[in-house]
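Novice: PDB, C-alpha atoms, saved as entry_24.pdb, coming up:
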ATOM      1  CA  MET A   1     -70.513 -30.778 -60.696
ATOM      2  CA  HIS A   2     -73.400 -29.389 -62.699
ATOM      3  CA  TRP A   3     -75.962 -27.416 -60.741
ATOM      4  CA  LEU A   4     -78.915 -29.113 -62.407
ATOM      5  CA  ALA A   5     -77.611 -32.497 -61.311
ATOM      6  CA  LEU A   6     -78.360 -31.400 -57.739
ATOM      7  CA  LEU A   7     -82.081 -31.198 -58.421
ATOM      8  CA  ARG A   8     -84.116 -34.290 -57.716
ATOM      9  CA  PRO A   9     -87.361 -35.040 -59.595
ATOM     10  CA  GLY A  10     -89.577 -33.837 -56.752
ATOM     11  CA  ASP A  11     -87.619 -30.595 -56.547
ATOM     12  CA  TRP A  12     -88.899 -29.669 -59.994
ATOM     13  CA  LEU A  13     -92.416 -30.385 -58.764
ATOM     14  CA  VAL A  14     -91.998 -28.174 -55.698
ATOM     15  CA  ALA A  15     -90.468 -25.400 -57.803
ATOM     16  CA  ALA A  16     -93.389 -25.631 -60.247
ATOM     17  CA  LEU A  17     -95.777 -25.463 -57.301
ATOM     18  CA  GLY A  18     -93.998 -22.354 -56.051
ATOM     19  CA  LEU A  19     -94.254 -20.802 -59.498
ATOM     20  CA  ALA A  20     -97.972 -21.611 -59.523
ATOM     21  CA  ILE A  21     -98.396 -19.866 -56.164
ATOM     22  CA  CYS A  22     -96.639 -16.796 -57.577
ATOM     23  CA  GLY A  23     -98.870 -16.903 -60.641
ATOM     24  CA  VAL A  24    -102.078 -17.295 -58.660
ATOM     25  CA  SER A  25    -101.141 -14.568 -56.197
ATOM     26  CA  ILE A  26    -100.809 -11.930 -58.913
ATOM     27  CA  PRO A  27    -104.512 -11.691 -59.905
ATOM     28  CA  LEU A  28    -105.564 -12.238 -56.278
ATOM     29  CA  ALA A  29    -103.402  -9.441 -54.929
ATOM     30  CA  TRP A  30    -103.533  -7.065 -57.833
ATOM     31  CA  GLN A  31    -107.266  -7.239 -58.458
ATOM     32  CA  GLY A  32    -109.523  -4.262 -58.833
ATOM     33  CA  GLY A  33    -109.091  -3.893 -62.577
ATOM     34  CA  VAL A  34    -108.061  -0.748 -64.335
ATOM     35  CA  ALA A  35    -108.663   2.637 -62.806
ATOM     36  CA  GLU A  36    -111.499   4.231 -64.750
ATOM     37  CA  LYS A  37    -112.953   7.132 -62.846
ATOM     38  CA  ALA A  38    -112.500   9.312 -59.817
ATOM     39  CA  VAL A  39    -115.463   9.753 -57.512
ATOM     40  CA  ILE A  40    -115.488  13.009 -55.620
ATOM     41  CA  LYS A  41    -117.740  13.234 -52.600
ATOM     42  CA  ARG A  42    -118.656  16.223 -50.513
ATOM     43  CA  GLY A  43    -120.309  15.771 -47.158
ATOM     44  CA  GLY A  44    -120.807  12.085 -47.938
ATOM     45  CA  GLU A  45    -122.697  12.697 -51.185
ATOM     46  CA  VAL A  46    -121.319  12.242 -54.671
ATOM     47  CA  PHE A  47    -120.322  15.632 -55.996
ATOM     48  CA  ALA A  48    -118.806  14.551 -59.306
ATOM     49  CA  GLU A  49    -117.502  11.534 -61.178
ATOM     50  CA  LEU A  50    -114.506  12.323 -63.336
ATOM     51  CA  ASP A  51    -113.434  10.153 -66.238
ATOM     52  CA  LEU A  52    -109.699   9.530 -65.775
ATOM     53  CA  SER A  53    -109.061   9.522 -69.515
ATOM     54  CA  ARG A  54    -109.828  13.236 -69.745
ATOM     55  CA  ASN A  55    -107.542  15.745 -68.086
ATOM     56  CA  ARG A  56    -109.381  18.415 -66.172
ATOM     57  CA  GLN A  57    -109.481  20.289 -62.910
ATOM     58  CA  ILE A  58    -112.505  21.008 -60.759
ATOM     59  CA  GLU A  59    -113.193  23.021 -57.677
ATOM     60  CA  VAL A  60    -115.238  21.547 -54.849
ATOM     61  CA  PRO A  61    -116.696  23.999 -52.355
ATOM     62  CA  GLY A  62    -116.732  22.784 -48.743
ATOM     63  CA  PRO A  63    -117.392  24.345 -45.339
ATOM     64  CA  LEU A  64    -113.844  25.739 -45.140
ATOM     65  CA  GLY A  65    -113.405  26.814 -48.730
ATOM     66  CA  ILE A  66    -112.462  25.427 -52.120
ATOM     67  CA  THR A  67    -110.775  22.034 -52.571
ATOM     68  CA  THR A  68    -109.195  21.707 -55.992
ATOM     69  CA  VAL A  69    -108.984  18.280 -57.628
ATOM     70  CA  ARG A  70    -107.047  17.585 -60.825
ATOM     71  CA  VAL A  71    -107.156  14.645 -63.229
ATOM     72  CA  GLU A  72    -104.053  14.181 -65.358
ATOM     73  CA  LYS A  73    -102.571  11.205 -67.262
ATOM     74  CA  ARG A  74    -105.114   8.730 -65.800
ATOM     75  CA  ARG A  75    -104.318   9.843 -62.264
ATOM     76  CA  VAL A  76    -106.092  12.109 -59.846
ATOM     77  CA  ARG A  77    -104.919  14.232 -56.955
ATOM     78  CA  VAL A  78    -106.032  16.954 -54.597
ATOM     79  CA  VAL A  79    -104.120  20.030 -55.670
ATOM     80  CA  SER A  80    -105.112  22.366 -52.902
ATOM     81  CA  ASP A  81    -107.277  22.223 -49.815
ATOM     82  CA  PRO A  82    -108.046  24.711 -47.056
ATOM     83  CA  GLY A  83    -107.600  22.051 -44.327
ATOM     84  CA  PRO A  84    -104.937  22.726 -41.686
ATOM     85  CA  ARG A  85    -102.856  19.558 -42.030
ATOM     86  CA  GLN A  86    -102.957  19.008 -45.786
ATOM     87  CA  TYR A  87    -102.940  15.224 -45.549
ATOM     88  CA  CYS A  88    -105.001  14.746 -48.709
ATOM     89  CA  VAL A  89    -102.772  17.098 -50.681
ATOM     90  CA  ARG A  90     -99.591  15.421 -49.497
ATOM     91  CA  GLN A  91    -100.966  12.029 -50.515
ATOM     92  CA  GLY A  92    -100.161  12.972 -54.079
ATOM     93  CA  TRP A  93    -101.347  11.160 -57.174
ATOM     94  CA  LEU A  94    -103.854   8.335 -56.884
ATOM     95  CA  ALA A  95    -103.823   5.859 -59.742
ATOM     96  CA  ARG A  96    -105.003   2.443 -58.479
ATOM     97  CA  PRO A  97    -108.619   1.426 -57.914
ATOM     98  CA  GLY A  98    -109.579   1.778 -54.268
ATOM     99  CA  GLU A  99    -107.078   4.495 -53.495
ATOM    100  CA  ILE A 100    -108.632   7.392 -51.665
ATOM    101  CA  ALA A 101    -107.651  10.838 -50.425
ATOM    102  CA  ILE A 102    -109.813  12.332 -47.713
ATOM    103  CA  CYS A 103    -109.814  16.003 -46.858
ATOM    104  CA  ALA A 104    -111.765  15.564 -43.654
ATOM    105  CA  PRO A 105    -111.893  19.198 -42.448
ATOM    106  CA  ASN A 106    -113.434  20.321 -45.731
ATOM    107  CA  GLN A 107    -115.575  17.146 -45.994
ATOM    108  CA  VAL A 108    -114.239  16.254 -49.437
ATOM    109  CA  SER A 109    -113.004  12.832 -50.554
ATOM    110  CA  VAL A 110    -111.565  11.625 -53.855
ATOM    111  CA  GLN A 111    -111.556   7.912 -54.663
ATOM    112  CA  VAL A 112    -110.320   6.039 -57.701
ATOM    113  CA  GLN A 113    -112.699   3.385 -58.958
ATOM    114  CA  GLY A 114    -112.106   0.582 -61.407
ATOM    115  CA  GLY A 115    -114.415  -1.470 -63.556
ATOM    116  CA  LYS A 116    -115.437  -3.720 -60.714
ATOM    117  CA  GLU A 117    -115.813  -2.717 -57.123
ATOM    118  CA  ALA A 118    -113.170  -4.229 -54.875
ATOM    119  CA  TYR A 119    -113.776  -4.630 -51.169
ATOM    120  CA  ASP A 120    -113.058  -1.277 -49.675
ATOM    121  CA  SER A 121    -114.126  -1.506 -46.076
ATOM    122  CA  LEU A 122    -112.565  -2.893 -42.948
ATOM    123  CA  SER A 123    -114.585  -3.803 -39.905
ATOM    124  CA  TYR A 124    -113.417  -4.764 -36.472
TER     125      TYR A 124
ATOM    126  CA  MET B 125     -69.566 -29.155  -3.993
ATOM    127  CA  THR B 126     -68.463 -25.576  -4.617
ATOM    128  CA  ARG B 127     -65.867 -24.406  -7.017
ATOM    129  CA  SER B 128     -64.436 -20.958  -7.462
ATOM    130  CA  VAL B 129     -64.733 -21.197 -11.226
ATOM    131  CA  THR B 130     -68.092 -21.821 -12.807
ATOM    132  CA  LYS B 131     -67.673 -24.878 -14.953
ATOM    133  CA  LEU B 132     -70.088 -25.751 -17.693
ATOM    134  CA  THR B 133     -69.965 -29.283 -18.874
ATOM    135  CA  THR B 134     -70.360 -29.334 -22.622
ATOM    136  CA  THR B 135     -70.835 -32.243 -24.939
ATOM    137  CA  PRO B 136     -69.405 -32.590 -28.458
ATOM    138  CA  GLU B 137     -72.978 -32.027 -29.632
ATOM    139  CA  ASP B 138     -72.978 -28.610 -27.923
ATOM    140  CA  HIS B 139     -69.716 -27.712 -29.620
ATOM    141  CA  ARG B 140     -71.061 -28.689 -32.986
ATOM    142  CA  ILE B 141     -74.231 -26.659 -32.474
ATOM    143  CA  ALA B 142     -72.159 -23.653 -31.388
ATOM    144  CA  GLN B 143     -69.872 -23.902 -34.431
ATOM    145  CA  LEU B 144     -72.745 -24.264 -36.871
ATOM    146  CA  ALA B 145     -74.716 -21.476 -35.185
ATOM    147  CA  ALA B 146     -71.643 -19.236 -35.477
ATOM    148  CA  ALA B 147     -71.536 -19.920 -39.219
ATOM    149  CA  ALA B 148     -75.251 -19.175 -39.483
ATOM    150  CA  ILE B 149     -74.885 -15.930 -37.509
ATOM    151  CA  GLY B 150     -72.023 -14.864 -39.781
ATOM    152  CA  LEU B 151     -74.220 -15.439 -42.829
ATOM    153  CA  ALA B 152     -77.125 -13.615 -41.170
ATOM    154  CA  LEU B 153     -74.888 -10.566 -40.706
ATOM    155  CA  ILE B 154     -73.817 -10.706 -44.367
ATOM    156  CA  ASP B 155     -77.495 -11.007 -45.231
ATOM    157  CA  ALA B 156     -78.333  -7.858 -43.302
ATOM    158  CA  ALA B 157     -75.558  -5.971 -45.087
ATOM    159  CA  ILE B 158     -76.882  -6.710 -48.576
ATOM    160  CA  PRO B 159     -79.004  -3.772 -49.708
ATOM    161  CA  LEU B 160     -82.316  -4.764 -51.273
ATOM    162  CA  PRO B 161     -85.077  -2.519 -52.561
ATOM    163  CA  LEU B 162     -88.015  -3.902 -50.588
ATOM    164  CA  PRO B 163     -88.045  -4.359 -46.825
ATOM    165  CA  GLY B 164     -88.749  -7.988 -46.046
ATOM    166  CA  VAL B 165     -87.012  -9.377 -49.117
ATOM    167  CA  LYS B 166     -83.724 -10.949 -48.071
ATOM    168  CA  PRO B 167     -81.677 -13.817 -49.490
ATOM    169  CA  GLY B 168     -81.742 -15.647 -46.150
ATOM    170  CA  LEU B 169     -78.260 -17.066 -46.574
ATOM    171  CA  ALA B 170     -78.225 -18.364 -42.998
ATOM    172  CA  ASN B 171     -80.857 -20.881 -44.025
ATOM    173  CA  ILE B 172     -78.205 -22.676 -46.066
ATOM    174  CA  VAL B 173     -76.652 -23.668 -42.758
ATOM    175  CA  THR B 174     -80.032 -24.777 -41.409
ATOM    176  CA  LEU B 175     -80.554 -26.988 -44.471
ATOM    177  CA  ILE B 176     -77.131 -28.589 -44.210
ATOM    178  CA  VAL B 177     -77.551 -29.207 -40.496
ATOM    179  CA  LEU B 178     -80.975 -30.697 -41.123
ATOM    180  CA  ALA B 179     -79.555 -33.124 -43.672
ATOM    181  CA  ARG B 180     -76.498 -34.065 -41.637
ATOM    182  CA  TYR B 181     -77.562 -33.961 -38.012
ATOM    183  CA  GLY B 182     -81.355 -33.975 -37.990
ATOM    184  CA  TRP B 183     -84.157 -31.638 -37.104
ATOM    185  CA  ALA B 184     -83.388 -31.034 -33.427
ATOM    186  CA  THR B 185     -79.889 -29.745 -34.164
ATOM    187  CA  ALA B 186     -81.258 -27.635 -37.008
ATOM    188  CA  ALA B 187     -83.802 -26.121 -34.622
ATOM    189  CA  TRP B 188     -81.033 -25.279 -32.122
ATOM    190  CA  VAL B 189     -78.837 -23.705 -34.780
ATOM    191  CA  SER B 190     -81.723 -21.737 -36.250
ATOM    192  CA  GLY B 191     -82.931 -20.543 -32.836
ATOM    193  CA  LEU B 192     -79.468 -19.485 -31.711
ATOM    194  CA  ARG B 193     -78.979 -17.666 -34.983
ATOM    195  CA  VAL B 194     -82.229 -15.709 -34.543
ATOM    196  CA  PHE B 195     -81.426 -14.677 -30.969
ATOM    197  CA  ALA B 196     -77.699 -13.992 -31.361
ATOM    198  CA  GLY B 197     -78.240 -12.413 -34.772
ATOM    199  CA  GLY B 198     -80.879 -10.144 -33.235
ATOM    200  CA  LEU B 199     -78.506  -9.109 -30.464
ATOM    201  CA  LEU B 200     -75.623  -8.454 -32.854
ATOM    202  CA  LEU B 201     -77.753  -6.415 -35.235
ATOM    203  CA  GLY B 202     -79.258  -4.446 -32.353
ATOM    204  CA  GLN B 203     -82.789  -5.502 -33.184
ATOM    205  CA  PHE B 204     -83.370  -7.896 -30.300
ATOM    206  CA  LEU B 205     -87.061  -7.751 -29.255
ATOM    207  CA  SER B 206     -87.775  -5.204 -31.990
ATOM    208  CA  PRO B 207     -90.411  -5.912 -34.664
ATOM    209  CA  GLY B 208     -87.637  -7.123 -36.966
ATOM    210  CA  PHE B 209     -86.596  -9.687 -34.402
ATOM    211  CA  PHE B 210     -90.130 -11.034 -34.039
ATOM    212  CA  MET B 211     -90.479 -11.176 -37.814
ATOM    213  CA  SER B 212     -87.326 -13.225 -38.054
ATOM    214  CA  LEU B 213     -88.395 -15.429 -35.125
ATOM    215  CA  THR B 214     -91.797 -16.118 -36.688
ATOM    216  CA  GLY B 215     -90.161 -16.922 -40.007
ATOM    217  CA  ALA B 216     -87.674 -19.272 -38.382
ATOM    218  CA  VAL B 217     -90.325 -21.098 -36.323
ATOM    219  CA  LEU B 218     -92.613 -21.638 -39.301
ATOM    220  CA  SER B 219     -89.771 -22.761 -41.560
ATOM    221  CA  LEU B 220     -88.675 -25.251 -38.929
ATOM    222  CA  LEU B 221     -92.207 -26.623 -38.627
ATOM    223  CA  VAL B 222     -92.422 -27.059 -42.389
ATOM    224  CA  LEU B 223     -88.921 -28.525 -42.505
ATOM    225  CA  ALA B 224     -89.963 -31.132 -39.925
ATOM    226  CA  PHE B 225     -92.425 -32.425 -42.513
ATOM    227  CA  ALA B 226     -90.287 -31.722 -45.583
ATOM    228  CA  SER B 227     -87.333 -33.697 -44.252
ATOM    229  CA  ARG B 228     -89.599 -36.747 -43.988
ATOM    230  CA  LEU B 229     -90.387 -36.654 -47.688
ATOM    231  CA  PRO B 230     -88.742 -39.517 -49.593
ATOM    232  CA  GLY B 231     -85.097 -38.519 -50.102
ATOM    233  CA  ARG B 232     -84.949 -40.116 -53.518
ATOM    234  CA  TRP B 233     -87.386 -37.571 -54.858
ATOM    235  CA  PHE B 234     -87.144 -34.501 -52.683
ATOM    236  CA  GLY B 235     -83.797 -32.938 -51.821
ATOM    237  CA  PRO B 236     -82.545 -29.775 -50.109
ATOM    238  CA  VAL B 237     -83.947 -27.653 -52.924
ATOM    239  CA  SER B 238     -87.488 -28.809 -52.096
ATOM    240  CA  TRP B 239     -86.883 -28.210 -48.411
ATOM    241  CA  SER B 240     -85.508 -24.783 -49.136
ATOM    242  CA  ILE B 241     -88.429 -23.692 -51.324
ATOM    243  CA  LEU B 242     -91.001 -25.000 -48.845
ATOM    244  CA  ALA B 243     -89.195 -23.350 -45.928
ATOM    245  CA  ALA B 244     -88.910 -20.058 -47.824
ATOM    246  CA  PHE B 245     -92.655 -19.985 -48.468
ATOM    247  CA  ALA B 246     -93.390 -20.899 -44.843
ATOM    248  CA  HIS B 247     -91.004 -18.141 -43.781
ATOM    249  CA  ILE B 248     -92.630 -15.400 -45.817
ATOM    250  CA  GLY B 249     -96.122 -16.734 -45.091
ATOM    251  CA  GLY B 250     -95.561 -16.520 -41.345
ATOM    252  CA  GLN B 251     -94.034 -13.083 -41.630
ATOM    253  CA  LEU B 252     -96.897 -11.761 -43.737
ATOM    254  CA  LEU B 253     -99.362 -13.123 -41.206
ATOM    255  CA  LEU B 254     -97.524 -11.518 -38.290
ATOM    256  CA  ALA B 255     -97.167  -8.252 -40.162
ATOM    257  CA  ARG B 256    -100.862  -8.256 -41.059
ATOM    258  CA  LEU B 257    -101.965  -9.063 -37.502
ATOM    259  CA  TRP B 258     -99.568  -6.829 -35.647
ATOM    260  CA  LEU B 259     -97.412  -4.380 -37.586
ATOM    261  CA  ILE B 260     -99.504  -3.273 -40.560
ATOM    262  CA  PRO B 261    -103.136  -4.203 -39.863
ATOM    263  CA  HIS B 262    -104.324  -3.382 -43.360
ATOM    264  CA  ASN B 263    -105.050  -5.581 -46.353
ATOM    265  CA  GLY B 264    -102.950  -3.299 -48.528
ATOM    266  CA  LEU B 265    -100.047  -5.401 -47.287
ATOM    267  CA  PHE B 266    -101.201  -8.275 -49.458
ATOM    268  CA  TYR B 267    -100.554  -6.119 -52.483
ATOM    269  CA  LEU B 268     -96.927  -7.180 -52.045
ATOM    270  CA  VAL B 269     -97.652 -10.929 -51.907
ATOM    271  CA  PRO B 270     -96.657 -11.633 -55.539
ATOM    272  CA  LEU B 271     -93.300  -9.916 -54.994
ATOM    273  CA  PHE B 272     -92.689 -11.753 -51.724
ATOM    274  CA  SER B 273     -93.615 -15.141 -53.165
ATOM    275  CA  ALA B 274     -91.442 -14.576 -56.231
ATOM    276  CA  ALA B 275     -88.538 -13.692 -53.927
ATOM    277  CA  ALA B 276     -89.248 -16.765 -51.778
ATOM    278  CA  LEU B 277     -89.167 -18.992 -54.848
ATOM    279  CA  ALA B 278     -85.995 -17.455 -56.275
ATOM    280  CA  PHE B 279     -84.004 -17.363 -53.047
ATOM    281  CA  GLY B 280     -85.434 -20.730 -52.006
ATOM    282  CA  ILE B 281     -84.068 -22.357 -55.151
ATOM    283  CA  ILE B 282     -80.707 -20.572 -54.916
ATOM    284  CA  ASN B 283     -80.156 -21.399 -51.227
ATOM    285  CA  GLY B 284     -81.333 -24.967 -51.790
ATOM    286  CA  LEU B 285     -78.877 -25.424 -54.653
ATOM    287  CA  ILE B 286     -76.015 -24.024 -52.587
ATOM    288  CA  ALA B 287     -76.929 -26.331 -49.688
ATOM    289  CA  ALA B 288     -77.253 -29.334 -52.018
ATOM    290  CA  ARG B 289     -73.867 -28.587 -53.559
ATOM    291  CA  LEU B 290     -72.154 -28.150 -50.206
ATOM    292  CA  LEU B 291     -73.725 -31.395 -48.999
ATOM    293  CA  ALA B 292     -72.483 -33.187 -52.096
ATOM    294  CA  GLU B 293     -68.973 -31.780 -51.811
ATOM    295  CA  LEU B 294     -68.416 -31.902 -48.066
ATOM    296  CA  PRO B 295     -67.695 -35.427 -46.910
ATOM    297  CA  ALA B 296     -70.068 -36.557 -44.222
ATOM    298  CA  THR B 297     -68.104 -36.939 -40.997
ATOM    299  CA  GLU B 298     -71.128 -38.206 -39.156
ATOM    300  CA  PRO B 299     -73.672 -40.781 -40.195
ATOM    301  CA  LEU B 300     -76.460 -39.132 -42.143
ATOM    302  CA  THR B 301     -79.643 -39.037 -40.153
ATOM    303  CA  ALA B 302     -82.096 -37.753 -42.700
ATOM    304  CA  GLU B 303     -81.397 -40.048 -45.618
TER     305      GLU B 303
END
Would you mind writing the file out in C-alpha cells?

Specialist:
Amino acid sequence: MHWLALLRPGDWLVAALGLAICGVSIPLAWQGGVAEKAVIKRGGEVFAELDLSRNRQIEVPGPLGITTVRVEKRRVRVVSDPGPRQYCVRQGWLARPGEIAICAPNQVSVQVQGGKEAYDSLSY
Amino acid sequence: MTRSVTKLTTTPEDHRIAQLAAAAIGLALIDAAIPLPLPGVKPGLANIVTLIVLARYGWATAAWVSGLRVFAGGLLLGQFLSPGFFMSLTGAVLSLLVLAFASRLPGRWFGPVSWSILAAFAHIGGQLLLARLWLIPHNGLFYLVPLFSAAALAFGIINGLIAARLLAELPATEPLTAE
C-alpha cells in the first residue's frame, strides 16, 4: 500500500496548518533583528557603544580594576574581569540581540543590540 | 467472605488495556533510547499505540493506555515524579484532550494523520507551557519554539502514517467505535 494513499484530504489541510505554525513561529521567536552594536555600561551609565562590524578591544575601568571587552567577527565578549567568580567572562561570546554579560562586582555590563529594541525586561 | 489469596476480577477490557499499554511502554522505552540532539525532541513512538487504540476502541481506552504508559514508563525509566515525568504527563493529558475533539472530526476527511499532528502540537504546547511556568521561567525558552513545532509536525506526520498503515493492515477484531 502506498503511504500517500493513507492521507485523507483533511490531513493535508492539518499538515499545511502545522507548516504555517512553524513558519509563523520563526519570525516571532527569532525576532530582534541583526546584532549591530555592543553597549557597554559602567555603573549603570553608557560607557561606550561598539560597532560589531569593527574588531577592537577596549578597557573599562571599574571599582575593582579593568574589565576588558573585545569585539571580533560580529561578536563581543568580556575577555578579562577582576571579579571573583568570573561569570561574565565564562559566558563567552555574545552574538544575538538582547544577549548580555554582567560583571556585577566591577559594575560593568555588555549587551548586544540589534536594529530594533526587543523586550528585554521581566517583571513579576 | 475472606480468601487466603487476593483475587482481582478482571474483565476482557482490562486485559486489552494491559496488553496495549505494554506495547506502548515498550515503544516509550525505545523512544528514550534514541539519541536526539535537543532535549524535548522525541519521536513519541508510543503515541502510535494511542492513535490505534483511539481508532479501534475509543477515547476512554486510549486515555487508559496513555496514562498507564506515562506512569509505568516513568517508573521503568527511573524518572517517576521527576520533571521529565511531569513533562510527559502534561504532554499526554493535553494530547488526549485534543484527541477527544480530533476523533470527532468527520472520518471521511480527517484520519489518524490529522489526529497525530494535532496531538503532537498539543503535546509540545503543553510541555512548553509547563517548562515556561515551572522549569525554565524565562522567555528565552521560546527561542526554541520553531524547532519544537517543526519536530512536532515531522514526527506527527510520521507517527500518524504508521498508525494509519497499521490500522489499514490489521484486521479489526472489534467493531470500530470511532468511524

Novice: With all atoms listed in the file considered, list every residue of chain A at most 8 Å from chain B, as a list in words.

Specialist: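 Residues of chain A within 8 Å of chain B, counting all atoms listed in the file: Trp3, Leu6, Leu7, Arg8, Pro9, Gly10, Asp11, Val14, Ala15, Gly18, Leu19, Ile21, Cys22, Gly23, Ser25, Ile26, Ala29 and Trp30 of chain A.
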
Novice: Would you work out the distance separating atom CA of A:Gln113 from atom CA of A:Glu36, expressed in Å to one decimal?

Specialist: 6.0 Å

Novice: Please write the residues picked by the PyMOL selection byres ((chain A and resi 69) around 6) on this file as number ranges by chain.

Specialist: A: 57-58, 68, 70, 77-79

Novice: Residues near B:Leu151, anyone? I mean within 9 Å using only C-alpha atoms, not counting same-chain ones fewer than 2 positions away, as a count of residues only.

Specialist: 14

Novice: Rounded to one decimal place, report the atom CA of B:Leu220-atom CA of B:Ile176 distance in Å.

Specialist: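 Spanning atom CA of B:Leu220 to atom CA of B:Ile176 is a straight-line distance of 13.1 Å.
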
Novice: One decimal, Å: what's the distance from atom CA of B:Ala216 over to atom CA of B:Pro161, could you say?

Specialist: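 Straight-line distance from atom CA of B:Ala216 to atom CA of B:Pro161 works out to 22.1 Å.
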
Novice: Find, counting only C-alpha atoms, the residue in A:Val89, A:Ala101, A:Ala38, A:Leu52 that gets nearest to A:Lys73.

Specialist: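 So, comparing all the options, the nearest one is A:Leu52.
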
Novice: Evaluate the PyMOL selection byres ((chain B and resi 196) around 12) and record the selected residues as a count of residues only, following the chain and residue labels used in the document.

Specialist: 29

Novice: Here's the selection I'm unsure about, the PyMOL selection byres ((chain A and resi 86) around 12); applied to the file above, which residues does it give, as JSON, numbers by chain?

Specialist: {"A": [67, 78, 79, 80, 81, 82, 83, 84, 85, 87, 88, 89, 90, 91, 92, 101, 102, 103, 104, 105, 106]}

Novice: If you count only C-alpha atoms, which residues fall within 7 Å of A:Glu72, apart from same-chain ones fewer than 2 positions away, as an MDAnalysis selection string?

Specialist: chainID A and resid 55:56 70 74:76

Novice: Find, counting only C-alpha atoms, the residue in A:Gln107, A:Val24, A:Val34, A:Trp12 that gets nearest to A:Pro61.

Specialist: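 Counting only C-alpha atoms, the residue closest to A:Pro61 is A:Gln107.
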